[in-house]
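S.K.: The structure under discussion is supplied below as structure tokens; questions concerning it will follow.
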Amino acid sequence: MSNLFSFSLNPSSTSTLFHSFTTPKTFSSFKTSTPTTFKFKKPSFIASVLSTKADPQIPQTVQTFWQWLCDEGVVSSKTPVKPGVVPQGLGLVATRDISKSEVVLEVPKRFWINPDAVAASEIGNVCSGLKPWIAVALFLLREKSREDSKWKNYFEILPESTDSTVFWSEEELAELQGTQLLSTTLGVKEYVENEFLKVEAEVVLPNKKLFPFPITLDDFFWAFGILRSRAFSRLRNQNLVVIPFADLINHSDIVTTEDHAHEVRGPAGLFSWDYLFSLRSPLQLKAGEQVFIQYDLNKSNADMALDYGFIELGSNRDAFTLTLEISESDEFFADKLDIAETNGLGESAYFDIKLDRPLPPAMLPYLRLVALGGTDAFLLESIFRNAVWGHLELPVSRANEELICQVVQKACKSALSGYHTTIEEDQKLIEEGNLSTRHEMAVKIRTGEKKVLQHIEKIFAERESELDGLEYYQERRLKDLGLVGEQGEIIFWE
Ligand SMILES: C[S@@+](CC[C@H](N)C(=O)[O-])C[C@H]1O[C@@H](n2cnc3c(N)ncnc32)[C@H](O)[C@@H]1O
């Protein structure tokens, strides 16, 4: 969550994961692709905090969990937070005033659930070749089923699922018709199912002694959901780690920094030192207030819905990912690919576009490259290779610029026609209220995507109306050669 909760199947970035499930589109067809509840009752008023006396609002499982943390020396009378029942399910609540950046909890490494814990366990050998998240998922399921698991009390407080779209019914998913979130969700579900079938056949079934209990696809999805919503990432040396107790912390957009989680060395019991996961409060708090962090500033609402099962109200997380591709049938495919790769892009490129924000800097050059042809194709010659990206950062020719404007607008229109409601209809539904959590999330996600598409369409419509006033490669070149006068007249013939 400080950076955390952005567990990604591909550690390079969360958006890589996102994109790995979208179907790349060619330029010509460039378009954008487009359980159950918590165990705990959610009070609508203040949080109820565990005290030394049993509080009837706190489930027995949470009281037992807390007692376990006390017995293990993870918490003491000095720990300034306790689990509480809050509107987001369980959360961490201050038991006294807390100052900004104060350490609120520390969890020794022996309680962390991560690939190292798997490697050191009985299933370490059979899981050694697996993707880290799959190994940890199997470990979670195995420990959950064991009466003598070290984490037994922890498993008792975990939710059965979240509102992540991977847990939505078909009827609920139908409200996402036309959205990128729907195609991403379906892609993720298919991916998880395939991984499950593979690991079931290759690891679980052949090792009945290690996995003596049945593991179903639903179980595997549960583990996947736990990892997506609770694993911390981007700690030093830790890309995927579940930290019991620390993972009770909820997200708030009031927090705008991400640097709250650290790995430190410190006392981890009466006589031992160990690595500790240390969490600091990003805000100053009064006793009784909930501790929040920022899960990930870069995630779009669609990412949040998929990973955590909630979204933010402000529109700054509304986003749309444009997928562009150099078509293999393009007569200049090899040259274009070479230029794209030299500039850190590839055959396909993904551009996350946010509402009311400028376009990603590489998007226009890439679009111009993909559209390059006809009399502009000379720029693809190898003699220009070092300078071509610089040329593509500015309009190349009227024809090229007009083409990209038209293609993008057409693609936006086509994507917009895939939604089954208009923005106005969505707004009416929100105003009327009475929507379930998931339905409201779906309506807000589809409204957000449509607004971003309209925003992109507007940018390119405006650009198209300004084509006559733009300066293109040939004019720039003549100017560089001193062949254009102050008024723009060509003086070559004088
Ligand atoms: C790391 S867990 C936090 C503890 C969790 N509330 C629990 O009861 O176990 C993350 C999950 O908490 C919930 N959550 C966290 N922040 C939230 C927020 N601002 N709004 C709604 N739900 C939130 C979501 O279900 C999310 O998947």
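Labeling convention for the structure tokens: chains A, B, ... as they appear, residues from 1 per chain, ligands from 1 in order of appearance.
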Show me a table, sorted first by chain and then by increasing residue number, of the residues of chain A having an atom at most 9 Å from ligand 1, each with its shortest atom pair and the distance in Å to one decimal, counting only C-alpha atoms and all ligand atoms and written as JSON lines.
M.R.:
```
{"residue": "A:Met1", "atom": "CA", "partner": "ligand 1", "partner_atom_place_in_ligand_line": "1 (C)", "distance": 7.9}
{"residue": "A:Phe5", "atom": "CA", "partner": "ligand 1", "partner_atom_place_in_ligand_line": "1 (C)", "distance": 7.3}
{"residue": "A:Thr37", "atom": "CA", "partner": "ligand 1", "partner_atom_place_in_ligand_line": "25 (O)", "distance": 8.8}
{"residue": "A:Phe38", "atom": "CA", "partner": "ligand 1", "partner_atom_place_in_ligand_line": "8 (O)", "distance": 6.7}
{"residue": "A:Lys39", "atom": "CA", "partner": "ligand 1", "partner_atom_place_in_ligand_line": "8 (O)", "distance": 8.2}
{"residue": "A:Phe40", "atom": "CA", "partner": "ligand 1", "partner_atom_place_in_ligand_line": "8 (O)", "distance": 7.7}
{"residue": "A:Val85", "atom": "CA", "partner": "ligand 1", "partner_atom_place_in_ligand_line": "8 (O)", "distance": 7.9}
{"residue": "A:Val86", "atom": "CA", "partner": "ligand 1", "partner_atom_place_in_ligand_line": "6 (N)", "distance": 7.8}
{"residue": "A:Pro87", "atom": "CA", "partner": "ligand 1", "partner_atom_place_in_ligand_line": "21 (C)", "distance": 7.5}
{"residue": "A:Gln88", "atom": "CA", "partner": "ligand 1", "partner_atom_place_in_ligand_line": "22 (N)", "distance": 4.4}
{"residue": "A:Gly89", "atom": "CA", "partner": "ligand 1", "partner_atom_place_in_ligand_line": "8 (O)", "distance": 3.9}
{"residue": "A:Leu90", "atom": "CA", "partner": "ligand 1", "partner_atom_place_in_ligand_line": "8 (O)", "distance": 3.6}
{"residue": "A:Gly91", "atom": "CA", "partner": "ligand 1", "partner_atom_place_in_ligand_line": "6 (N)", "distance": 5.3}
{"residue": "A:Leu92", "atom": "CA", "partner": "ligand 1", "partner_atom_place_in_ligand_line": "4 (C)", "distance": 8.3}
{"residue": "A:Ile157", "atom": "CA", "partner": "ligand 1", "partner_atom_place_in_ligand_line": "9 (O)", "distance": 7.1}
{"residue": "A:Leu158", "atom": "CA", "partner": "ligand 1", "partner_atom_place_in_ligand_line": "9 (O)", "distance": 5.7}
{"residue": "A:Pro159", "atom": "CA", "partner": "ligand 1", "partner_atom_place_in_ligand_line": "9 (O)", "distance": 6.0}
{"residue": "A:Ser161", "atom": "CA", "partner": "ligand 1", "partner_atom_place_in_ligand_line": "25 (O)", "distance": 8.1}
{"residue": "A:Thr162", "atom": "CA", "partner": "ligand 1", "partner_atom_place_in_ligand_line": "25 (O)", "distance": 5.1}
{"residue": "A:Asp163", "atom": "CA", "partner": "ligand 1", "partner_atom_place_in_ligand_line": "25 (O)", "distance": 6.4}
{"residue": "A:Ser164", "atom": "CA", "partner": "ligand 1", "partner_atom_place_in_ligand_line": "27 (O)", "distance": 7.2}
{"residue": "A:Gly225", "atom": "CA", "partner": "ligand 1", "partner_atom_place_in_ligand_line": "27 (O)", "distance": 8.2}
{"residue": "A:Ile226", "atom": "CA", "partner": "ligand 1", "partner_atom_place_in_ligand_line": "27 (O)", "distance": 8.0}
{"residue": "A:Arg228", "atom": "CA", "partner": "ligand 1", "partner_atom_place_in_ligand_line": "27 (O)", "distance": 8.0}
{"residue": "A:Ser229", "atom": "CA", "partner": "ligand 1", "partner_atom_place_in_ligand_line": "27 (O)", "distance": 4.6}
{"residue": "A:Arg230", "atom": "CA", "partner": "ligand 1", "partner_atom_place_in_ligand_line": "1 (C)", "distance": 4.1}
{"residue": "A:Ala231", "atom": "CA", "partner": "ligand 1", "partner_atom_place_in_ligand_line": "1 (C)", "distance": 7.4}
{"residue": "A:Phe232", "atom": "CA", "partner": "ligand 1", "partner_atom_place_in_ligand_line": "1 (C)", "distance": 8.7}
{"residue": "A:Phe245", "atom": "CA", "partner": "ligand 1", "partner_atom_place_in_ligand_line": "4 (C)", "distance": 8.9}
{"residue": "A:Ala246", "atom": "CA", "partner": "ligand 1", "partner_atom_place_in_ligand_line": "1 (C)", "distance": 8.0}
{"residue": "A:Asp247", "atom": "CA", "partner": "ligand 1", "partner_atom_place_in_ligand_line": "1 (C)", "distance": 4.5}
{"residue": "A:Leu248", "atom": "CA", "partner": "ligand 1", "partner_atom_place_in_ligand_line": "4 (C)", "distance": 3.8}
{"residue": "A:Ile249", "atom": "CA", "partner": "ligand 1", "partner_atom_place_in_ligand_line": "3 (C)", "distance": 4.8}
{"residue": "A:Asn250", "atom": "CA", "partner": "ligand 1", "partner_atom_place_in_ligand_line": "16 (N)", "distance": 3.8}
{"residue": "A:His251", "atom": "CA", "partner": "ligand 1", "partner_atom_place_in_ligand_line": "16 (N)", "distance": 3.9}
{"residue": "A:Ser252", "atom": "CA", "partner": "ligand 1", "partner_atom_place_in_ligand_line": "19 (N)", "distance": 4.9}
{"residue": "A:Asp253", "atom": "CA", "partner": "ligand 1", "partner_atom_place_in_ligand_line": "19 (N)", "distance": 7.4}
{"residue": "A:Phe292", "atom": "CA", "partner": "ligand 1", "partner_atom_place_in_ligand_line": "16 (N)", "distance": 8.0}
{"residue": "A:Ile293", "atom": "CA", "partner": "ligand 1", "partner_atom_place_in_ligand_line": "16 (N)", "distance": 8.6}
{"residue": "A:Gln294", "atom": "CA", "partner": "ligand 1", "partner_atom_place_in_ligand_line": "16 (N)", "distance": 8.9}
{"residue": "A:Tyr295", "atom": "CA", "partner": "ligand 1", "partner_atom_place_in_ligand_line": "16 (N)", "distance": 8.2}
{"residue": "A:Met304", "atom": "CA", "partner": "ligand 1", "partner_atom_place_in_ligand_line": "27 (O)", "distance": 8.7}
{"residue": "A:Ala305", "atom": "CA", "partner": "ligand 1", "partner_atom_place_in_ligand_line": "27 (O)", "distance": 8.7}
{"residue": "A:Asp307", "atom": "CA", "partner": "ligand 1", "partner_atom_place_in_ligand_line": "27 (O)", "distance": 6.9}
{"residue": "A:Tyr308", "atom": "CA", "partner": "ligand 1", "partner_atom_place_in_ligand_line": "27 (O)", "distance": 3.5}
{"residue": "A:Gly309", "atom": "CA", "partner": "ligand 1", "partner_atom_place_in_ligand_line": "27 (O)", "distance": 5.4}
{"residue": "A:Phe310", "atom": "CA", "partner": "ligand 1", "partner_atom_place_in_ligand_line": "21 (C)", "distance": 5.1}
{"residue": "A:Ile311", "atom": "CA", "partner": "ligand 1", "partner_atom_place_in_ligand_line": "20 (N)", "distance": 7.1}
{"residue": "A:Glu312", "atom": "CA", "partner": "ligand 1", "partner_atom_place_in_ligand_line": "19 (N)", "distance": 7.6}
```
S.K.: Please identify all polymer residues within 9 Å of A:Ile423, counting only C-alpha atoms, omitting same-chain residues fewer than 5 positions from it, and present them as a PyMOL selection string.
M.R.: chain A and resi 428+446-448+450-451
S.K.: Please provide as a VMD selection string all residues within 10 Å of stretch 106-114 of chain A, with the sequence filter that same-chain residues fewer than 2 positions apart are discarded (counting only C-alpha atoms).
M.R.: chain A and resid 69 72 to 75 79 103 to 104 116 to 119 132 to 133 135 to 137 139 to 140 150 to 151 231 to 232 238 to 246 261 to 269 273 to 280
S.K.: Hey, can you spit out that residue selection with C-alpha atoms as a PDB file, in the first residue's frame?
M.R.:
```pdb
ATOM      1  CA  LEU A  69      -0.849 -10.871  18.157  1.00  0.00           C
ATOM      2  CA  GLU A  72       3.249 -13.529  19.875  1.00  0.00           C
ATOM      3  CA  GLY A  73       4.642 -10.177  20.997  1.00  0.00           C
ATOM      4  CA  VAL A  74       3.673  -8.477  17.726  1.00  0.00           C
ATOM      5  CA  VAL A  75       1.669  -5.873  19.626  1.00  0.00           C
ATOM      6  CA  THR A  79       0.970  -0.237  19.991  1.00  0.00           C
ATOM      7  CA  VAL A 103       5.193   4.141  13.464  1.00  0.00           C
ATOM      8  CA  VAL A 104       1.826   2.524  14.174  1.00  0.00           C
ATOM      9  CA  ASP A 116      10.393 -16.945   0.994  1.00  0.00           C
ATOM     10  CA  ALA A 117       7.818 -18.401   3.387  1.00  0.00           C
ATOM     11  CA  VAL A 118       6.702 -20.774   0.634  1.00  0.00           C
ATOM     12  CA  ALA A 119      10.295 -21.804  -0.146  1.00  0.00           C
ATOM     13  CA  PRO A 132       5.552 -16.248  -7.248  1.00  0.00           C
ATOM     14  CA  TRP A 133       1.873 -15.333  -6.956  1.00  0.00           C
ATOM     15  CA  ALA A 135       3.168 -20.361  -5.175  1.00  0.00           C
ATOM     16  CA  VAL A 136       1.897 -17.930  -2.534  1.00  0.00           C
ATOM     17  CA  ALA A 137      -1.722 -18.647  -3.521  1.00  0.00           C
ATOM     18  CA  PHE A 139       0.562 -21.666   0.296  1.00  0.00           C
ATOM     19  CA  LEU A 140      -2.376 -19.539   1.496  1.00  0.00           C
ATOM     20  CA  LYS A 150       0.766 -20.604  12.432  1.00  0.00           C
ATOM     21  CA  TRP A 151      -1.616 -18.185  10.721  1.00  0.00           C
ATOM     22  CA  ALA A 231      -0.356  -7.891  -0.792  1.00  0.00           C
ATOM     23  CA  PHE A 232       2.201  -5.179  -0.316  1.00  0.00           C
ATOM     24  CA  GLN A 238       9.626  -7.668  -1.496  1.00  0.00           C
ATOM     25  CA  ASN A 239       7.377  -7.585  -4.512  1.00  0.00           C
ATOM     26  CA  LEU A 240       4.620  -9.715  -3.106  1.00  0.00           C
ATOM     27  CA  VAL A 241       4.116 -10.021   0.596  1.00  0.00           C
ATOM     28  CA  VAL A 242       1.042 -10.382   2.763  1.00  0.00           C
ATOM     29  CA  ILE A 243       1.559  -8.908   6.205  1.00  0.00           C
ATOM     30  CA  PRO A 244      -1.070 -10.022   8.709  1.00  0.00           C
ATOM     31  CA  PHE A 245      -2.365  -7.127  10.838  1.00  0.00           C
ATOM     32  CA  ALA A 246      -0.757  -4.473   8.593  1.00  0.00           C
ATOM     33  CA  ALA A 261       5.673   1.050   4.511  1.00  0.00           C
ATOM     34  CA  HIS A 262       9.269   0.137   5.254  1.00  0.00           C
ATOM     35  CA  GLU A 263      11.358  -2.906   5.934  1.00  0.00           C
ATOM     36  CA  VAL A 264      13.574  -2.269   8.984  1.00  0.00           C
ATOM     37  CA  ARG A 265      15.757  -4.304  11.325  1.00  0.00           C
ATOM     38  CA  GLY A 266      14.649  -4.379  14.929  1.00  0.00           C
ATOM     39  CA  PRO A 267      13.688  -6.401  17.996  1.00  0.00           C
ATOM     40  CA  ALA A 268      11.222  -9.115  17.030  1.00  0.00           C
ATOM     41  CA  GLY A 269      10.659 -10.790  20.369  1.00  0.00           C
ATOM     42  CA  TRP A 273      16.200  -9.356  16.076  1.00  0.00           C
ATOM     43  CA  ASP A 274      14.616  -9.700  12.693  1.00  0.00           C
ATOM     44  CA  TYR A 275      13.403  -7.791   9.708  1.00  0.00           C
ATOM     45  CA  LEU A 276      10.234  -5.926  10.595  1.00  0.00           C
ATOM     46  CA  PHE A 277       7.542  -4.555   8.358  1.00  0.00           C
ATOM     47  CA  SER A 278       7.010  -1.079   9.706  1.00  0.00           C
ATOM     48  CA  LEU A 279       4.003   1.075   8.917  1.00  0.00           C
ATOM     49  CA  ARG A 280       3.803   4.812   9.612  1.00  0.00           C
TER      50      ARG A 280
END
```
S.K.: Given only C-alpha atoms as the basis, pick out the residue of A:Thr61, A:Thr256, A:Thr421, A:Gln290 nearest to A:Thr95.
M.R.: A:Gln290
S.K.: Where does DSSP see strand (DSSP E) in stretch 265-372 of chain A, if you list the residues as a PDB file with C-alpha atoms, in the first residue's frame?
M.R.:
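File produced: states-v8.pdb:
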```
ATOM      1  CA  ARG A 265      15.757  -4.304  11.325  1.00  0.00           C
ATOM      2  CA  GLY A 266      14.649  -4.379  14.929  1.00  0.00           C
ATOM      3  CA  PRO A 267      13.688  -6.401  17.996  1.00  0.00           C
ATOM      4  CA  TRP A 273      16.200  -9.356  16.076  1.00  0.00           C
ATOM      5  CA  ASP A 274      14.616  -9.700  12.693  1.00  0.00           C
ATOM      6  CA  TYR A 275      13.403  -7.791   9.708  1.00  0.00           C
ATOM      7  CA  LEU A 276      10.234  -5.926  10.595  1.00  0.00           C
ATOM      8  CA  PHE A 277       7.542  -4.555   8.358  1.00  0.00           C
ATOM      9  CA  SER A 278       7.010  -1.079   9.706  1.00  0.00           C
ATOM     10  CA  LEU A 279       4.003   1.075   8.917  1.00  0.00           C
ATOM     11  CA  ARG A 280       3.803   4.812   9.612  1.00  0.00           C
ATOM     12  CA  GLN A 290      -9.063   5.383  11.548  1.00  0.00           C
ATOM     13  CA  VAL A 291      -5.527   5.106  10.133  1.00  0.00           C
ATOM     14  CA  PHE A 292      -5.506   5.278   6.349  1.00  0.00           C
ATOM     15  CA  ILE A 293      -2.892   5.091   3.680  1.00  0.00           C
ATOM     16  CA  ALA A 319      -8.933   6.688 -17.487  1.00  0.00           C
ATOM     17  CA  PHE A 320      -8.986   4.980 -20.825  1.00  0.00           C
ATOM     18  CA  THR A 321      -6.179   2.954 -22.347  1.00  0.00           C
ATOM     19  CA  LEU A 322      -5.613   3.373 -26.045  1.00  0.00           C
ATOM     20  CA  THR A 323      -3.926   0.458 -27.720  1.00  0.00           C
ATOM     21  CA  LEU A 324      -2.070   1.262 -30.921  1.00  0.00           C
ATOM     22  CA  GLU A 325      -0.307  -1.203 -33.107  1.00  0.00           C
ATOM     23  CA  SER A 348       1.895  -2.477 -29.781  1.00  0.00           C
ATOM     24  CA  ALA A 349       1.860   0.540 -27.536  1.00  0.00           C
ATOM     25  CA  TYR A 350      -0.524   1.373 -24.735  1.00  0.00           C
ATOM     26  CA  PHE A 351      -1.365   4.875 -23.682  1.00  0.00           C
ATOM     27  CA  ASP A 352      -3.263   5.548 -20.476  1.00  0.00           C
ATOM     28  CA  ILE A 353      -5.279   8.688 -20.975  1.00  0.00           C
ATOM     29  CA  LYS A 354      -6.777  10.545 -18.051  1.00  0.00           C
TER      30      LYS A 354
END
```
S.K.: Determine, counting only C-alpha atoms, which protein, DNA and RNA residues have an atom within 12 Å of an atom of stretch 467-469 of chain A; residues of the same chain fewer than 5 positions away are not included. Present the result as number ranges by chain.
M.R.: A: 395-406, 460-462, 475, 488
S.K.: Rounded to one decimal in Å, what is the spacing between atom CA of A:Gln409 and atom CA of A:Arg368?
M.R.: 14.7 Å
S.K.: Identify which of the residues A:Thr216, A:Ser414, A:Asn125, A:Thr64 lies closest to A:Phe155, counting only C-alpha atoms when measuring atom-to-atom distances.
M.R.: A:Thr64
